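Visitor: Sharing a structure, written as structure tokens. Questions coming.
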Amino acid sequence: MIRGLYTAASGMITQQRRHDTITNNIANAQTPGFKAVHTSMRSFPEMMIRLMGSDKAAGAQLGQLGTGVFGEESQMLFVQGDLMQTKQMGDFALVSDIEVPGMNFDASGKSIDEQGNVTYKPEVFFTVQQGEEVLYTRDGHFTINEDQELVTADGALVLGANNAPIILVDTPIQDLRVDPQGRMFNARTGADLGQRLLLSRVENPNDLIRAGHGNFRLENNQAAVVDPTLVRVEQGYLERSNVDTSQSMVDMMSAFRAYEANHKMIQFYDKTLEKTVNEIGRV
């Protein structure tokens, strides 16, 4: 009985975690460049149940007993989000579809070979600097600060191809023009500003760690500069989040129902234990 209590409790904890993940996705459905997160669930190892006793049936197998479930990990889905036109010169979106020879990626950006090895589709990110730390983002909403530096919405410095912050001297944001390869020009004078967006290729996006404000960090800075022919910069657009709000609502209700079912099982076990202690224990 106690085992069943723990099994139901593990189910509640797992569904609570799943529910929290889904609600966070929905809350960020309008956040540019946001990547949806999915919780992977796995059951604890099952146990083989046998009869005990001294009669002839002792040792006979009754079957397997489940011991609960747990939220194994949360994985981000890095598929391309839809582009939203803003007509703002400081808004940029990345469009990339990097192929790896011999790999066929599914809709989630994952490929599994005949030996079961998993390979994830490489993705491209803007490269920014927050303090001394290099971060990566898909949120291309940029502005120019008082020091004429190109910055993100949270103040991180946007890095150029020379790994230094991009400084736009005497070029207001409305006069900035960026071509599909990330090169920068003054739209009014046509002058080449000598700057280019640093676009980084991350071989396995699941190695990224969320750093807040739509930014990601990567241990040991393993990102490489991407081949400009593999990515396109779209000025005047932002990448929408890839959250499927309709499916998220369905998943949230499913998590709530599963949580409720486990909660009722715990109430059942509680009442049964109460009856055992208060009534059977008196006999």
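Residue names in the structure tokens use chain letters A, B, ... in the order shown, residue numbers from 1 in each chain, and ligand numbers from 1 in the order shown.
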Leaving out segment 97-102 of chain A and any residue of its chain fewer than 3 positions from it, which residues lie within 9 Å of it when counting only C-alpha atoms, given as a list in words?

Guide: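 The neighbour list is Gln80, Phe105, Lys121, Pro122, Glu123, Val124, Leu230 and Val231 of chain A.
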
Visitor: Go ahead and write the residues just picked, N, CA, C and O atoms, as a PDB file, in the first residue's frame.

Guide:
ATOM      1  N   GLN A  80      12.805  26.094 -36.599  1.00  0.00           N
ATOM      2  CA  GLN A  80      12.656  27.486 -37.034  1.00  0.00           C
ATOM      3  C   GLN A  80      11.254  28.003 -36.733  1.00  0.00           C
ATOM      4  O   GLN A  80      10.255  27.359 -37.034  1.00  0.00           O
ATOM      5  N   PHE A 105      17.119  14.642 -40.958  1.00  0.00           N
ATOM      6  CA  PHE A 105      16.541  15.164 -39.721  1.00  0.00           C
ATOM      7  C   PHE A 105      15.010  15.150 -39.794  1.00  0.00           C
ATOM      8  O   PHE A 105      14.427  15.454 -40.835  1.00  0.00           O
ATOM      9  N   LYS A 121      20.319  18.657 -35.366  1.00  0.00           N
ATOM     10  CA  LYS A 121      20.568  19.586 -36.464  1.00  0.00           C
ATOM     11  C   LYS A 121      21.253  20.850 -35.951  1.00  0.00           C
ATOM     12  O   LYS A 121      20.780  21.476 -34.992  1.00  0.00           O
ATOM     13  N   PRO A 122      22.367  21.258 -36.567  1.00  0.00           N
ATOM     14  CA  PRO A 122      23.034  22.499 -36.140  1.00  0.00           C
ATOM     15  C   PRO A 122      22.125  23.708 -36.349  1.00  0.00           C
ATOM     16  O   PRO A 122      21.329  23.751 -37.287  1.00  0.00           O
ATOM     17  N   GLU A 123      22.269  24.694 -35.486  1.00  0.00           N
ATOM     18  CA  GLU A 123      21.480  25.915 -35.569  1.00  0.00           C
ATOM     19  C   GLU A 123      22.402  27.133 -35.509  1.00  0.00           C
ATOM     20  O   GLU A 123      23.535  27.050 -35.018  1.00  0.00           O
ATOM     21  N   VAL A 124      21.897  28.260 -36.002  1.00  0.00           N
ATOM     22  CA  VAL A 124      22.677  29.503 -36.075  1.00  0.00           C
ATOM     23  C   VAL A 124      22.080  30.528 -35.114  1.00  0.00           C
ATOM     24  O   VAL A 124      20.847  30.630 -34.989  1.00  0.00           O
ATOM     25  N   LEU A 230      25.029  29.520 -45.657  1.00  0.00           N
ATOM     26  CA  LEU A 230      24.114  28.589 -44.997  1.00  0.00           C
ATOM     27  C   LEU A 230      23.043  29.295 -44.172  1.00  0.00           C
ATOM     28  O   LEU A 230      22.189  28.641 -43.579  1.00  0.00           O
ATOM     29  N   VAL A 231      23.106  30.613 -44.126  1.00  0.00           N
ATOM     30  CA  VAL A 231      22.149  31.357 -43.314  1.00  0.00           C
ATOM     31  C   VAL A 231      21.782  32.649 -44.037  1.00  0.00           C
ATOM     32  O   VAL A 231      22.565  33.176 -44.835  1.00  0.00           O
TER      33      VAL A 231
END

Visitor: Which polymer residues have any atom within 6 Å of an atom of Gly160 of chain A, counting only C-alpha atoms, with same-chain residues fewer than 4 positions away left out, as a list in words?

Guide: Ala164, Pro165, Ile166, Arg196, Leu197 and Leu198 of chain A

Visitor: Could you write out, as an mmCIF file with N, CA and C atoms, in the first residue's frame, all the residues of segment 162-278 of chain A that DSSP marks as strand (DSSP E)?

Guide:
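And here's selection-v7.cif as it stands now:
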data_model
loop_
_atom_site.group_PDB
_atom_site.id
_atom_site.type_symbol
_atom_site.label_atom_id
_atom_site.label_comp_id
_atom_site.auth_asym_id
_atom_site.auth_seq_id
_atom_site.Cartn_x
_atom_site.Cartn_y
_atom_site.Cartn_z
ATOM 1 N N LEU A 176 20.200 52.250 -40.878
ATOM 2 C CA LEU A 176 20.999 51.031 -40.962
ATOM 3 C C LEU A 176 20.376 50.053 -41.958
ATOM 4 N N ARG A 177 21.210 49.526 -42.823
ATOM 5 C CA ARG A 177 20.770 48.476 -43.748
ATOM 6 C C ARG A 177 21.723 47.296 -43.633
ATOM 7 N N VAL A 178 21.142 46.099 -43.528
ATOM 8 C CA VAL A 178 21.933 44.872 -43.397
ATOM 9 C C VAL A 178 21.536 43.930 -44.521
ATOM 10 N N ARG A 183 26.241 41.903 -43.647
ATOM 11 C CA ARG A 183 27.076 43.096 -43.831
ATOM 12 C C ARG A 183 26.230 44.352 -43.635
ATOM 13 N N MET A 184 26.835 45.403 -43.076
ATOM 14 C CA MET A 184 26.100 46.606 -42.707
ATOM 15 C C MET A 184 26.473 47.793 -43.587
ATOM 16 N N PHE A 185 25.442 48.551 -43.957
ATOM 17 C CA PHE A 185 25.612 49.732 -44.810
ATOM 18 C C PHE A 185 24.763 50.867 -44.258
ATOM 19 N N ASN A 186 25.117 52.080 -44.670
ATOM 20 C CA ASN A 186 24.292 53.241 -44.368
ATOM 21 C C ASN A 186 23.294 53.396 -45.514
ATOM 22 N N ASP A 192 29.629 51.619 -46.976
ATOM 23 C CA ASP A 192 29.879 50.367 -46.254
ATOM 24 C C ASP A 192 30.408 50.724 -44.864
ATOM 25 N N LEU A 193 29.730 50.244 -43.817
ATOM 26 C CA LEU A 193 30.111 50.593 -42.452
ATOM 27 C C LEU A 193 31.259 49.734 -41.929
ATOM 28 N N GLY A 194 31.690 48.758 -42.717
ATOM 29 C CA GLY A 194 32.805 47.917 -42.288
ATOM 30 C C GLY A 194 32.467 47.004 -41.127
ATOM 31 N N GLN A 195 31.193 46.738 -40.939
ATOM 32 C CA GLN A 195 30.749 45.872 -39.852
ATOM 33 C C GLN A 195 29.937 44.710 -40.421
ATOM 34 N N ARG A 196 29.976 43.598 -39.690
ATOM 35 C CA ARG A 196 29.223 42.420 -40.107
ATOM 36 C C ARG A 196 28.801 41.644 -38.871
ATOM 37 N N LEU A 199 27.646 35.601 -36.725
ATOM 38 C CA LEU A 199 26.651 34.540 -36.654
ATOM 39 C C LEU A 199 27.353 33.236 -36.306
ATOM 40 N N SER A 200 26.943 32.624 -35.220
ATOM 41 C CA SER A 200 27.621 31.439 -34.703
ATOM 42 C C SER A 200 26.806 30.183 -34.951
ATOM 43 N N ARG A 201 27.503 29.127 -35.331
ATOM 44 C CA ARG A 201 26.894 27.826 -35.576
ATOM 45 C C ARG A 201 27.127 26.922 -34.365
ATOM 46 N N VAL A 202 26.046 26.411 -33.812
ATOM 47 C CA VAL A 202 26.121 25.477 -32.680
ATOM 48 C C VAL A 202 25.766 24.094 -33.201
ATOM 49 N N ILE A 209 22.553 26.331 -22.657
ATOM 50 C CA ILE A 209 21.932 26.511 -21.347
ATOM 51 C C ILE A 209 21.253 27.872 -21.329
ATOM 52 N N ARG A 210 19.997 27.915 -20.919
ATOM 53 C CA ARG A 210 19.284 29.189 -20.862
ATOM 54 C C ARG A 210 19.968 30.139 -19.877
ATOM 55 N N ALA A 211 20.138 31.398 -20.331
ATOM 56 C CA ALA A 211 20.777 32.416 -19.498
ATOM 57 C C ALA A 211 19.842 33.588 -19.212
ATOM 58 N N GLY A 212 18.569 33.479 -19.590
ATOM 59 C CA GLY A 212 17.607 34.547 -19.354
ATOM 60 C C GLY A 212 17.574 35.558 -20.480
ATOM 61 N N ASN A 215 18.588 34.605 -24.048
ATOM 62 C CA ASN A 215 19.989 34.296 -24.327
ATOM 63 C C ASN A 215 20.337 32.876 -23.885
ATOM 64 N N PHE A 216 21.371 32.337 -24.510
ATOM 65 C CA PHE A 216 21.878 31.012 -24.150
ATOM 66 C C PHE A 216 23.385 31.101 -23.970
ATOM 67 N N ARG A 217 23.881 30.258 -23.065
ATOM 68 C CA ARG A 217 25.335 30.139 -22.910
ATOM 69 C C ARG A 217 25.756 28.745 -23.344
ATOM 70 N N ALA A 224 31.041 27.811 -33.646
ATOM 71 C CA ALA A 224 31.940 28.195 -34.741
ATOM 72 C C ALA A 224 31.250 29.245 -35.605
ATOM 73 N N VAL A 225 32.037 30.017 -36.314
ATOM 74 C CA VAL A 225 31.482 31.015 -37.233
ATOM 75 C C VAL A 225 30.829 30.268 -38.398
ATOM 76 N N VAL A 231 23.106 30.613 -44.126
ATOM 77 C CA VAL A 231 22.149 31.357 -43.314
ATOM 78 C C VAL A 231 21.782 32.649 -44.037
ATOM 79 N N ARG A 232 20.592 33.148 -43.756
ATOM 80 C CA ARG A 232 20.128 34.406 -44.363
ATOM 81 C C ARG A 232 19.605 35.320 -43.253
ATOM 82 N N VAL A 233 20.060 36.569 -43.291
ATOM 83 C CA VAL A 233 19.585 37.566 -42.331
ATOM 84 C C VAL A 233 18.462 38.362 -42.974
ATOM 85 N N GLU A 234 17.334 38.427 -42.289
ATOM 86 C CA GLU A 234 16.179 39.180 -42.782
ATOM 87 C C GLU A 234 15.984 40.416 -41.915
ATOM 88 N N GLN A 235 16.223 41.598 -42.499
ATOM 89 C CA GLN A 235 16.026 42.842 -41.760
ATOM 90 C C GLN A 235 14.562 43.259 -41.843
ATOM 91 N N TYR A 237 12.331 41.990 -39.789
ATOM 92 C CA TYR A 237 11.547 40.830 -39.349
ATOM 93 C C TYR A 237 12.067 40.364 -37.993
ATOM 94 N N LEU A 238 11.187 39.703 -37.255
ATOM 95 C CA LEU A 238 11.567 39.005 -36.037
ATOM 96 C C LEU A 238 11.089 37.559 -36.145
ATOM 97 N N GLU A 239 11.830 36.670 -35.537
ATOM 98 C CA GLU A 239 11.407 35.268 -35.517
ATOM 99 C C GLU A 239 10.433 35.051 -34.356
#

Visitor: Of the residues A:Gln15, A:Gln30, A:Gln174, A:Ser43, which is the one nearest to Gly81 of chain A, using only C-alpha atoms?

Guide: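 Using only C-alpha atoms, Gly81 of chain A sits closest to A:Gln30.
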
Visitor: Take atom CA of Ala156 of chain A and atom CA of Gln222 of chain A and report the distance between them in Å, one decimal.

Guide: 19.8 Å

Visitor: Excluding segment 248-254 of chain A and any residue of its chain fewer than 2 positions from it, enumerate the residues within 7 Å of it, using only C-alpha atoms, and give them as a VMD selection string.

Guide: chain A and resid 19 22 26 244 to 246 256 to 258

Visitor: Write out, as a PDB file, in the first residue's frame, the residues just selected, with all heavy atoms.

Guide:
ATOM      1  N   HIS A  19       3.399  20.455 -16.152  1.00  0.00           N
ATOM      2  CA  HIS A  19       2.461  21.581 -16.212  1.00  0.00           C
ATOM      3  C   HIS A  19       3.204  22.914 -16.163  1.00  0.00           C
ATOM      4  O   HIS A  19       2.895  23.841 -16.925  1.00  0.00           O
ATOM      5  CB  HIS A  19       1.471  21.470 -15.048  1.00  0.00           C
ATOM      6  CG  HIS A  19       0.402  22.512 -15.041  1.00  0.00           C
ATOM      7  ND1 HIS A  19       0.581  23.753 -14.459  1.00  0.00           N
ATOM      8  CD2 HIS A  19      -0.856  22.516 -15.558  1.00  0.00           C
ATOM      9  CE1 HIS A  19      -0.517  24.473 -14.606  1.00  0.00           C
ATOM     10  NE2 HIS A  19      -1.401  23.754 -15.278  1.00  0.00           N
ATOM     11  N   ILE A  22       4.852  23.637 -19.531  1.00  0.00           N
ATOM     12  CA  ILE A  22       3.888  24.024 -20.567  1.00  0.00           C
ATOM     13  C   ILE A  22       3.410  25.458 -20.356  1.00  0.00           C
ATOM     14  O   ILE A  22       3.318  26.244 -21.308  1.00  0.00           O
ATOM     15  CB  ILE A  22       2.700  23.049 -20.588  1.00  0.00           C
ATOM     16  CG1 ILE A  22       3.175  21.650 -20.981  1.00  0.00           C
ATOM     17  CG2 ILE A  22       1.627  23.524 -21.557  1.00  0.00           C
ATOM     18  CD1 ILE A  22       2.121  20.571 -20.795  1.00  0.00           C
ATOM     19  N   ILE A  26       3.601  28.730 -22.893  1.00  0.00           N
ATOM     20  CA  ILE A  26       2.465  29.566 -23.281  1.00  0.00           C
ATOM     21  C   ILE A  26       2.724  31.027 -22.933  1.00  0.00           C
ATOM     22  O   ILE A  26       2.407  31.938 -23.710  1.00  0.00           O
ATOM     23  CB  ILE A  26       1.175  29.061 -22.608  1.00  0.00           C
ATOM     24  CG1 ILE A  26       0.822  27.658 -23.126  1.00  0.00           C
ATOM     25  CG2 ILE A  26       0.013  30.011 -22.853  1.00  0.00           C
ATOM     26  CD1 ILE A  26      -0.352  27.022 -22.422  1.00  0.00           C
ATOM     27  N   ASP A 244       3.586  25.940 -30.090  1.00  0.00           N
ATOM     28  CA  ASP A 244       2.278  25.625 -30.657  1.00  0.00           C
ATOM     29  C   ASP A 244       1.254  25.792 -29.534  1.00  0.00           C
ATOM     30  O   ASP A 244       1.086  24.914 -28.692  1.00  0.00           O
ATOM     31  CB  ASP A 244       2.269  24.187 -31.191  1.00  0.00           C
ATOM     32  CG  ASP A 244       0.978  23.830 -31.915  1.00  0.00           C
ATOM     33  OD1 ASP A 244      -0.054  24.479 -31.654  1.00  0.00           O
ATOM     34  OD2 ASP A 244       0.989  22.886 -32.729  1.00  0.00           O
ATOM     35  N   THR A 245       0.576  26.943 -29.518  1.00  0.00           N
ATOM     36  CA  THR A 245      -0.310  27.250 -28.391  1.00  0.00           C
ATOM     37  C   THR A 245      -1.490  26.290 -28.288  1.00  0.00           C
ATOM     38  O   THR A 245      -1.901  25.925 -27.176  1.00  0.00           O
ATOM     39  CB  THR A 245      -0.820  28.701 -28.491  1.00  0.00           C
ATOM     40  OG1 THR A 245      -1.401  28.914 -29.791  1.00  0.00           O
ATOM     41  CG2 THR A 245       0.313  29.689 -28.293  1.00  0.00           C
ATOM     42  N   SER A 246      -2.029  25.870 -29.419  1.00  0.00           N
ATOM     43  CA  SER A 246      -3.164  24.942 -29.380  1.00  0.00           C
ATOM     44  C   SER A 246      -2.763  23.613 -28.761  1.00  0.00           C
ATOM     45  O   SER A 246      -3.442  23.094 -27.859  1.00  0.00           O
ATOM     46  CB  SER A 246      -3.713  24.710 -30.799  1.00  0.00           C
ATOM     47  OG  SER A 246      -4.168  25.914 -31.369  1.00  0.00           O
ATOM     48  N   PHE A 256      -2.934  18.278 -16.199  1.00  0.00           N
ATOM     49  CA  PHE A 256      -3.800  18.564 -15.057  1.00  0.00           C
ATOM     50  C   PHE A 256      -4.661  17.354 -14.700  1.00  0.00           C
ATOM     51  O   PHE A 256      -4.816  17.015 -13.514  1.00  0.00           O
ATOM     52  CB  PHE A 256      -4.694  19.764 -15.373  1.00  0.00           C
ATOM     53  CG  PHE A 256      -5.697  20.077 -14.287  1.00  0.00           C
ATOM     54  CD1 PHE A 256      -5.301  20.693 -13.119  1.00  0.00           C
ATOM     55  CD2 PHE A 256      -7.031  19.734 -14.444  1.00  0.00           C
ATOM     56  CE1 PHE A 256      -6.218  20.974 -12.114  1.00  0.00           C
ATOM     57  CE2 PHE A 256      -7.954  20.005 -13.445  1.00  0.00           C
ATOM     58  CZ  PHE A 256      -7.546  20.628 -12.283  1.00  0.00           C
ATOM     59  N   ARG A 257      -5.209  16.678 -15.710  1.00  0.00           N
ATOM     60  CA  ARG A 257      -6.043  15.500 -15.453  1.00  0.00           C
ATOM     61  C   ARG A 257      -5.220  14.375 -14.834  1.00  0.00           C
ATOM     62  O   ARG A 257      -5.680  13.675 -13.925  1.00  0.00           O
ATOM     63  CB  ARG A 257      -6.703  15.022 -16.748  1.00  0.00           C
ATOM     64  CG  ARG A 257      -7.689  16.016 -17.369  1.00  0.00           C
ATOM     65  CD  ARG A 257      -8.805  16.352 -16.429  1.00  0.00           C
ATOM     66  NE  ARG A 257      -9.764  17.272 -17.044  1.00  0.00           N
ATOM     67  CZ  ARG A 257     -10.700  17.925 -16.381  1.00  0.00           C
ATOM     68  NH1 ARG A 257     -10.786  17.778 -15.063  1.00  0.00           N
ATOM     69  NH2 ARG A 257     -11.534  18.736 -17.005  1.00  0.00           N
ATOM     70  N   ALA A 258      -4.005  14.178 -15.328  1.00  0.00           N
ATOM     71  CA  ALA A 258      -3.149  13.133 -14.769  1.00  0.00           C
ATOM     72  C   ALA A 258      -2.762  13.470 -13.325  1.00  0.00           C
ATOM     73  O   ALA A 258      -2.714  12.583 -12.465  1.00  0.00           O
ATOM     74  CB  ALA A 258      -1.899  12.975 -15.631  1.00  0.00           C
TER      75      ALA A 258
END

Visitor: From a DSSP pass on the backbone, collect the residues of segment 76-277 of chain A flagged as helix (DSSP H, G or I) and hand them back as a PyMOL selection string.

Guide: chain A and resi 173-175+205-207+219-221+228-230+245-277

Visitor: Produce a table with one row for each residue of segment 95-162 of chain A that has an atom at most 12 Å from any atom of segment 35-39 of chain A, each row naming the nearest atom pair and its distance in Å at one decimal; use only C-alpha atoms; arrange rows by chain and rising residue number; format as a tab-separated table.

Guide:
residue	atom	partner	partner_atom	distance
A:Ser108	CA	A:Ala36	CA	11.1
A:Thr137	CA	A:Lys35	CA	10.4
A:Arg138	CA	A:Lys35	CA	9.0
A:Asp139	CA	A:Lys35	CA	10.4

Visitor: Would you pick out the contacts of Asp170 of chain A at 10 Å or less, using only C-alpha atoms, so that residues sharing its chain but fewer than 3 positions from it are not included, and give the list as a list in words?

Guide: Gln148, Ile167, Ile173, Asp175 and Asn186 of chain A
